[in-house]
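S.K.: One structure is given below, represented as structure tokens, and several questions about it will come after.
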Amino acid sequence: MMKLKISLAFIFLLVLNSCNSQPSTLNPQPAPAETEGMKQTRNPQLTTVVVGAERMQEYLPLLQNKNVALLVNQTSMVGETHLVDTLLAQHVHIKKIFAPEHGFRGSADAGEHVRDSVDAKTKIKIISLYGEKKKPSNDDLKNVDVMVFDVQDVGARFYTFISTLHYLMEACADNNIVLVVFDRPNPNGWYIDGPVLKKEFQSFVGVDPIPVVHGLTIAEYAQMVNGENWLPEGKQCKLKIISCLNYGHSMRYNLPVKPSPNLPNAGAVYLYPSICFFEGTDISVGRGTDAPFQMIGSPNITVRNFSFHPESKPGAKSPPHVNQICFGYDLRWIGIDAHGINLSYLLDTYRAINDTSKYFLPNGFFDKLAGTDELRKQITAHKTEEEIKASWKPGLEIYKAKRKKYLLYKD
């Protein structure tokens, strides 16, 4: 079956190359309209969906005459205005701001420690939750009555904003603070796939026992954390949800603001659940190029029909294989992988690398991203995509049954 897929993909490649010059041996998918680049302005396609932050009449009564703290970043927009400025205009007393990975303005590198600071515009103190600490301290939350979480997620377990939400819930529970979650659509919320995280592989890129693609909005995830008692010692966070209007999980939702420096457009967001595994390998995902998470390659790959050259750039100061020519595959034309996580990327590059013993990084990060060591072992054992996905099914069925209890929107 795998040989047939590869043969068909190769035939398609020959035909495609006669029409344009974008080669790849990987299985192609039709490129949909949703792969157009994100813009920093409001997308007119999104007018039918009302995100939680836009429903001011629902949440202002919860915040007025209270000391409020926010966990926000550059995606926390109310139309054309940032949530911080929106609330200040409504005379909400913002005590402090907390920032997740990439910082308050969303410009820091992935994994870069972000220091505490003061917002130049509003003079409000900013406390980083991606650096020396991942969870607010009791002192950080002193004199805070209400916490607001409003950050755009992309629906993958290893995207760290949901890990930050988990630890924020824990801190709010410890300090008896109400957490108000402004919900936003999940751009990958229309499917569920991948291995379910095993406890021994828990890390900041995987805190809770959910699959790689979890099919939840940020608010649904918060409800699941409470409902499944995933906080330590059975703690419960006092949650208040401001849900979206006119949203359903089957929708394709194009983000109006890029969620992080290396997810610049919808194509990267759709590819992310399949491509992020490479962060634990010798393979570059295109950081340091104009199309991160839309190409894969390495100086050590034998495929020579496509190449790119990572350079130091804002948001990717020291990308893997910087200033080296990487050979591999151009995925910018792929579009949506309609059947979930595409394992052909991993399987093909493993076959194409010069020395398979150097494919996985020795730090074990690949297993943390996968949430298990089984995927790595299956790849090295040359299991097919069908065999690997079959091994995920029992865990996914159990998870899907749990997930139904926490849904706010139709599938």
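By order of appearance in the structure tokens: chains A, B, ..., then residues from 1 within every chain, and ligands from 1 in the order shown.
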As a PyMOL selection string, please: all residues of stretch 171-208 of chain A that backbone DSSP puts in alpha helix (DSSP H).

M.R.: chain A and resi 171-174

S.K.: Here is a test: counting only C-alpha atoms, which residue of A:Leu361, A:Leu83, A:Ile218, A:Leu331 is nearest to A:Pro185?

M.R.: A:Ile218

S.K.: Can you tell me, as a ChimeraX atom specification, what residues are no more than 10 Å from A:Glu311 when counting only C-alpha atoms, ignoring any on the same chain fewer than 6 positions away?

M.R.: /A:286-290,317-324

S.K.: Residues as selected, N, CA and C atoms, written as a PDB file, in the first residue's frame, can you do that?

M.R.:
ATOM      1  N   GLY A 286      12.280  25.021   8.005  1.00  0.00           N
ATOM      2  CA  GLY A 286      12.274  26.275   7.264  1.00  0.00           C
ATOM      3  C   GLY A 286      12.362  27.519   8.118  1.00  0.00           C
ATOM      4  N   ARG A 287      12.645  27.367   9.431  1.00  0.00           N
ATOM      5  CA  ARG A 287      12.910  28.564  10.231  1.00  0.00           C
ATOM      6  C   ARG A 287      14.104  29.294   9.611  1.00  0.00           C
ATOM      7  N   GLY A 288      14.045  30.615   9.582  1.00  0.00           N
ATOM      8  CA  GLY A 288      15.110  31.376   8.958  1.00  0.00           C
ATOM      9  C   GLY A 288      14.931  31.549   7.464  1.00  0.00           C
ATOM     10  N   THR A 289      13.749  31.185   6.949  1.00  0.00           N
ATOM     11  CA  THR A 289      13.387  31.439   5.552  1.00  0.00           C
ATOM     12  C   THR A 289      12.104  32.263   5.529  1.00  0.00           C
ATOM     13  N   ASP A 290      11.628  32.578   4.346  1.00  0.00           N
ATOM     14  CA  ASP A 290      10.374  33.327   4.222  1.00  0.00           C
ATOM     15  C   ASP A 290       9.144  32.429   4.313  1.00  0.00           C
ATOM     16  N   LYS A 317      16.450  33.717  15.246  1.00  0.00           N
ATOM     17  CA  LYS A 317      17.806  34.267  15.308  1.00  0.00           C
ATOM     18  C   LYS A 317      18.877  33.210  15.055  1.00  0.00           C
ATOM     19  N   SER A 318      18.637  31.989  15.534  1.00  0.00           N
ATOM     20  CA  SER A 318      19.615  30.908  15.349  1.00  0.00           C
ATOM     21  C   SER A 318      18.890  29.646  14.865  1.00  0.00           C
ATOM     22  N   PRO A 319      18.378  29.671  13.636  1.00  0.00           N
ATOM     23  CA  PRO A 319      17.605  28.514  13.151  1.00  0.00           C
ATOM     24  C   PRO A 319      18.497  27.307  12.905  1.00  0.00           C
ATOM     25  N   PRO A 320      17.957  26.101  12.976  1.00  0.00           N
ATOM     26  CA  PRO A 320      18.741  24.911  12.655  1.00  0.00           C
ATOM     27  C   PRO A 320      19.370  25.010  11.269  1.00  0.00           C
ATOM     28  N   HIS A 321      20.617  24.555  11.167  1.00  0.00           N
ATOM     29  CA  HIS A 321      21.372  24.549   9.904  1.00  0.00           C
ATOM     30  C   HIS A 321      21.500  25.950   9.311  1.00  0.00           C
ATOM     31  N   VAL A 322      21.666  26.946  10.200  1.00  0.00           N
ATOM     32  CA  VAL A 322      21.790  28.320   9.736  1.00  0.00           C
ATOM     33  C   VAL A 322      22.988  28.453   8.788  1.00  0.00           C
ATOM     34  N   ASN A 323      22.788  29.181   7.707  1.00  0.00           N
ATOM     35  CA  ASN A 323      23.809  29.457   6.691  1.00  0.00           C
ATOM     36  C   ASN A 323      24.324  28.204   5.981  1.00  0.00           C
ATOM     37  N   GLN A 324      23.509  27.147   5.983  1.00  0.00           N
ATOM     38  CA  GLN A 324      23.845  25.933   5.245  1.00  0.00           C
ATOM     39  C   GLN A 324      22.740  25.669   4.206  1.00  0.00           C
TER      40      GLN A 324
END

S.K.: Report the residues of stretch 180-405 of chain A whose backbone DSSP state falls under strand (DSSP E), written as a ChimeraX atom specification.

M.R.: /A:180-182,193-196,211-213,239-242,295-298,307-308,326-330
